[in-house]
Each structure stands twice: as C-alpha cells, then as structure tokens.
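Beneath this line is the structure, given in structure tokens, with notes to follow.
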Protein chains: 2
Amino acid sequence: MSRGIPEATVARLPVYLRVLRELDSEGNDTVSSVHLAELAGVNAAKVRKDLSFLGSYGTRGVGYEVPYLIFQMSRALGLTHERGVVIAGAGHLGQALANYRGFSDRGFNIVAMIDVDPSKIGMKMSGVSVVGPEDVVDVVNAHPGCIVVIATPQSAAQAVADRAISAGVKSLLNFAPGVLTVPDDVRVRKVDLGLELQVLSFYAEQQERSSAGAKSA
Amino acid sequence: MSRGIPEATVARLPVYLRVLRELDSEGNDTVSSVHLAELAGVNAAKVRKDLSFLGSYGTRGVGYEVPYLIFQMSRALGLTHERGVVIAGAGHLGQALANYRGFSDRGFNIVAMIDVDPSKIGMKMSGVSVVGPEDVVDVVNAHPGCIVVIATPQSAAQAVADRAISAGVKSLLNFAPGVLTVPDDVRVRKVDLGLELQVLSFYAEQQERSSAGAKSA
DNA sequence: TAGATTGTTAATCGATTAACAATC
DNA sequence: TAGATTGTTAATCGATTAACAATC
C-alpha cells in the first residue's frame, strides 16, 4: 500500500506546473528533468522523483511531453474542474484575494465573500457578492468541496472556521495569526505575514551583527 | 565553528514568541518545554532543542522564565530595535499589509509605500506616504537594513527587486508568483497564494476521489 | 548502434524525537 | 532528599541526491 505523495513533493507540483505552462506557451514540446529542474530552481533527481509519484509519464532518452505532463499534473492537483473559493473577510486582504489573478485560469472560482459589516453585505466587490456570516452554510452547500480562505481579524478567525467546518468545509487557508483548532479531517494551510517578516529580521540581524563584528575586529 | 541555527528552527521562533507573549500577558512567570510545546503544537524535545540554539536559558526542574525568554528570543530575532519596512505596490494587498496589526509592536515600522500610479504618489494610505519608484533609493538609504515587501503585479516584481537591491536592500518578502533572481547575499522569502490553494486542492481532490471510490465499492 | 535521459535504488544528509544523565 | 525538568546524546525517520541500469 502506497504511503501517498510526500507533502514536500505536493508543494513543488504547483511550481513545476507554472514552469511547464510557461514552456508550453513558448512552444516547447518536450522538456528534460535537467531543464525543468533548472527553471524550477531544484535538483534534477528531485524532479524525476517528484514526477514519478504521478506516474511514468516520461520517455527515456527524450524527456517529458510538456502538454501531457501539464494535463497529468493538473489532474493530480484537481485543477481540471471548477472548485469554489469562499473568502471570509471583505477588508483589504479579502479584496486583494478577490482581485488575485491566476485563480480562475486554475479552476478556482470565487463564489462569495463573507463579512459582518452591514454596509458591505449585499454589495459586489471585484465582482463577488458579499454575504453575512449566517449565509455561510448556504454558500458552502451550493459549492461542495469548496475552500474557505480566512482573511478576517484574528479575533473572528476561530468562529468563522467553526461555522465553515460545521457546514462541511474540509479545506481552510488561514491568514490570521494564531492557531486554528480543527478536526483531523480538515486541512489547514497557514500564511503568517508576521512570521515571514520576523524570519527575515532574524537573518538581517545576523548579517548586521557579523559585519559589525568584522568592522570592530 | 557552529553551523548556525537551522532554518526550520528559525521559522518556529516567532511561533514560540507569540505563545510566550500570550503566557506573559496571562501572568505566567515560568513555562516548561512540555507546556510550551503543547501551546505551539510541536514536540517537547523539539522545543528544548530549538531553545538550546539560543542559549541555556532554562532551569532544570523549573522550566523557562517567560519574560526572560521573551527578551532573549526578541533579541535573537532582532525585534528589540526598529526595522523599516517598505511596501512596493499600493494596491489592495499593499494596503492590507500597511493595515496589518502586530507590525509596530514587533519593531517593524512601515516607512513608505511605492507605486507607479501618479494619482497615488504623494498620498497617505493607512498613514503611510506613497512615493514613486525613483524614490526607492532615498527611502532605503534613510532606513538602513530595511525589508522590502513586493506586493506588485508579477510583471513589475523583478524590476522592483533589482532597484531595491541596487539601493542596498538585503531582505525581500515576495508576494508575486514566479521566481526572483537575486544575488547570493540577498534573502528572499516567498508567499505564493496560488500555490497554497493548489496544495489544498490536491488534498481535497484526493479526499473526494477516495470517498467516491468507497461509495462505488 | 551511440547518445540521451528516465525511473529507481542506494547513499547521504538533516531534522525529529526518544531517552537519560545532569541538576535545580 | 525526591520530584521535576532541562540540555544533550544517540536513534529514528524522512527527504534529498548521486549513481546507474533500463531503454528510448
């Protein structure tokens, strides 16, 4: 029994896919693991290993057929059919996400925004209807398998997640800082802007200290 | 010669710090690795190992002094002094970042936004002045060690990065999809919204296929 | 056939975690 | 002292990568 595709591999598939689409639009019919690796910024053996999890779609001595690999990869990622995305929080971040390019051409369809602000409810923002929190269940029911993006303040994040989960949502993308508590069968991915800045700050600090040390030495 | 703190550890420090601040505000004087691990959602041995990279700040039989650990961790992360942040791109995402809470109380100071739109240049958005691209050098010089956040469309991202780097910037946070080419001494962290959704889509698809399979079996 | 490149095995590397001596 | 908990070592685990037989 296969243990499934490793997380690290799954996270690289979208990178390969972006590169492959670019190659395709430039008219490339085939690509070798070495070339694909270079464009994706990874090791060629890693590319071959990653792709082998999807199946044996290459040809020895030749490489991979670009359009076919795009198809297989899109299929694996579930991008060959529409998937609904609900954005919770119609603030700047929510609007930025609603405006984000490259959603629709990957099969993602923003079906609604949710906000508590009565002055926003009923409006359309970037072509997306804003509804109140009590409508989450209806929206989720109308779009089975949809992903809920939490772009609310931290104070509202858990409540929004709870409501979405009780409506049947299994996938959350969380932009609020802090941890969400969810059942085992719900998958959460987290984007933490503060964390990213702090990591950069750590390395910047290191660099500054070592160069200050070199100066005084 | 120490090989430096592992990347994975550095990325967990901000998580520990958030938990520690919470504990502190609740009046906890000390915390054990077991408790801290629980709150941070990681293994206790990992916590002890991670913290040991910072130094021996715990007391056997007792645990870690919360305020002291906060201080040491903040120092390691370079959060005990101000650091400038420049946001390139004054669209929805840029504004969302300018509004983001938890920057200032971690020492991050948004010093300017950059945009090409003449109607935005000269304005203040969320209290931050918007300047034109040609002013990047001045802003960066006025705030040595600052971090540049790229919240522009992909088409402008590399040019913005190049300009910032030539002005001396060493840390970039990139929200544009696609790869940035930068010199070795420049550190880039990337947040890729499309990638996150595609990863969620992969697992959602798997879940749906297996439950469909179970149904037909 | 000769050259190229995959798919996979086996080696390497690094990160996680269990275990425990040190010690408060 | 007895109990608790750190700091660190050593074992485990998983991911990366080099190497190469298979094969186009």
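Just remember, in the structure tokens the first chain shown is A, the second B, etc., residues are 1-based per chain, and ligands are 1-based in the order shown.
Near chain B, within 6 Å and counting only C-alpha atoms, the residues of chain A are Pro14, Leu77, Gly78, His92, Leu93, Ala96, Leu195, Ser201, Phe202 and Glu205 of chain A.
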Subject >> Contacts of Met123 (chain B) at 12 Å (only C-alpha atoms (C1' of nucleotides); same-chain gap of 5+ positions) as a PyMOL selection string >> reply: chain B and resi 90+112-115+117-118+128-132
Output file for the residues above (C-alpha atoms, as a PDB file, in the first residue's frame):
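Listed below is the output, result.pdb:
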```pdb
ATOM      1  CA  ALA B  90      -0.113  50.298  -3.145  1.00  0.00           C
ATOM      2  CA  ALA B 112       6.876  54.096   2.805  1.00  0.00           C
ATOM      3  CA  MET B 113       4.802  52.595   0.055  1.00  0.00           C
ATOM      4  CA  ILE B 114       5.956  52.671  -3.543  1.00  0.00           C
ATOM      5  CA  ASP B 115       3.682  52.823  -6.558  1.00  0.00           C
ATOM      6  CA  ASP B 117       0.334  55.359 -10.216  1.00  0.00           C
ATOM      7  CA  PRO B 118       0.691  59.185 -10.286  1.00  0.00           C
ATOM      8  CA  VAL B 128       1.969  55.725   5.112  1.00  0.00           C
ATOM      9  CA  SER B 129       3.301  58.015   2.375  1.00  0.00           C
ATOM     10  CA  VAL B 130       3.201  56.727  -1.179  1.00  0.00           C
ATOM     11  CA  VAL B 131       6.250  57.616  -3.250  1.00  0.00           C
ATOM     12  CA  GLY B 132       7.306  56.935  -6.838  1.00  0.00           C
TER      13      GLY B 132
END
```
**OP:** Hey, list the chain C side of the contact with chain B: 7 Å cut-off, only C-alpha atoms (C1' of nucleotides), answer as a count of residues only.
**Re:** 3
**OP:** Write out as a list in words each polymer residue whose atoms come within 10 Å of DT8 (chain C), counting only C-alpha atoms (C1' of nucleotides); drop sequence neighbours fewer than 3 positions from it.
**Re:**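 Selected residues are Arg48, Lys49 and Ser52 of chain A; DC20, DA21 and DA22 of chain D.
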Subject >> alpha helix (DSSP H) call set, DSSP backbone run, region 39-176 of chain A, as a ChimeraX atom specification >> reply: /A:39-40,44-54,66-76,92-99,136-142,154-166
Original post:
If you measure from CA of Tyr57 (chain A) to CA of Leu20 (chain A), what distance in Å do you get, rounded to one decimal?
Top reply: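 Going from CA of Tyr57 (chain A) over to CA of Leu20 (chain A) covers 13.9 Å.
Atom pair CA of Ser32 (chain A) / CA of Leu69 (chain A): separated by 11.6 Å.
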Subject >> Interatomic distance (Å, one decimal) between CA of Leu54 (chain A) and CA of Leu36 (chain A) >> reply: 15.8 Å
Original post:
Skipping near chain neighbours, those fewer than 5 positions away, what residues fall within 10 Å of Arg21 (chain A) using only C-alpha atoms (C1' of nucleotides), listed as a PyMOL selection string?
Top reply: chain A and resi 16+26-28+66-67+69-70
Generate the output file for the selected residues, N, CA and C atoms, as a PDB file, in the first residue's frame.
```
ATOM      1  N   TYR A  16       6.297  23.320 -10.556  1.00  0.00           N
ATOM      2  CA  TYR A  16       6.555  22.666 -11.843  1.00  0.00           C
ATOM      3  C   TYR A  16       5.481  23.067 -12.852  1.00  0.00           C
ATOM      4  N   GLU A  26       5.658  28.939 -24.767  1.00  0.00           N
ATOM      5  CA  GLU A  26       6.788  29.268 -25.644  1.00  0.00           C
ATOM      6  C   GLU A  26       6.944  28.228 -26.758  1.00  0.00           C
ATOM      7  N   GLY A  27       6.040  27.268 -26.782  1.00  0.00           N
ATOM      8  CA  GLY A  27       6.035  26.304 -27.878  1.00  0.00           C
ATOM      9  C   GLY A  27       6.942  25.102 -27.687  1.00  0.00           C
ATOM     10  N   ASN A  28       7.419  24.855 -26.466  1.00  0.00           N
ATOM     11  CA  ASN A  28       8.262  23.684 -26.224  1.00  0.00           C
ATOM     12  C   ASN A  28       7.410  22.418 -26.153  1.00  0.00           C
ATOM     13  N   VAL A  66       5.532  18.115 -22.746  1.00  0.00           N
ATOM     14  CA  VAL A  66       5.046  19.233 -21.927  1.00  0.00           C
ATOM     15  C   VAL A  66       3.523  19.239 -21.780  1.00  0.00           C
ATOM     16  N   PRO A  67       2.749  19.206 -22.881  1.00  0.00           N
ATOM     17  CA  PRO A  67       1.289  19.310 -22.712  1.00  0.00           C
ATOM     18  C   PRO A  67       0.704  18.136 -21.922  1.00  0.00           C
ATOM     19  N   LEU A  69       2.248  16.339 -19.653  1.00  0.00           N
ATOM     20  CA  LEU A  69       2.631  16.463 -18.259  1.00  0.00           C
ATOM     21  C   LEU A  69       1.768  17.531 -17.567  1.00  0.00           C
ATOM     22  N   ILE A  70       1.475  18.601 -18.285  1.00  0.00           N
ATOM     23  CA  ILE A  70       0.585  19.634 -17.740  1.00  0.00           C
ATOM     24  C   ILE A  70      -0.772  19.026 -17.420  1.00  0.00           C
TER      25      ILE A  70
END
```
**OP:** Give the strand (DSSP E) residues of chain B, as assigned by DSSP on the backbone, as an NGL selection string.
**Re:** :B and (30-31 or 58-59 or 63-65 or 83-88 or 108-114 or 124-125 or 128-131 or 147-150 or 171-174 or 187-190)
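Residue nearest Asp50 (chain A), chosen from A:Ala37, A:Ala142, A:Ala151, A:Val137 and counting only C-alpha atoms: A:Ala37.
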Subject >> Residue contacts of region 161-168 of chain B (9 Å, only C-alpha atoms (C1' of nucleotides)) excluding same-chain residues fewer than 6 positions away, as a ChimeraX atom specification >> reply: /B:133-134,136-138,140-141,144-145,148,150,180-183,186
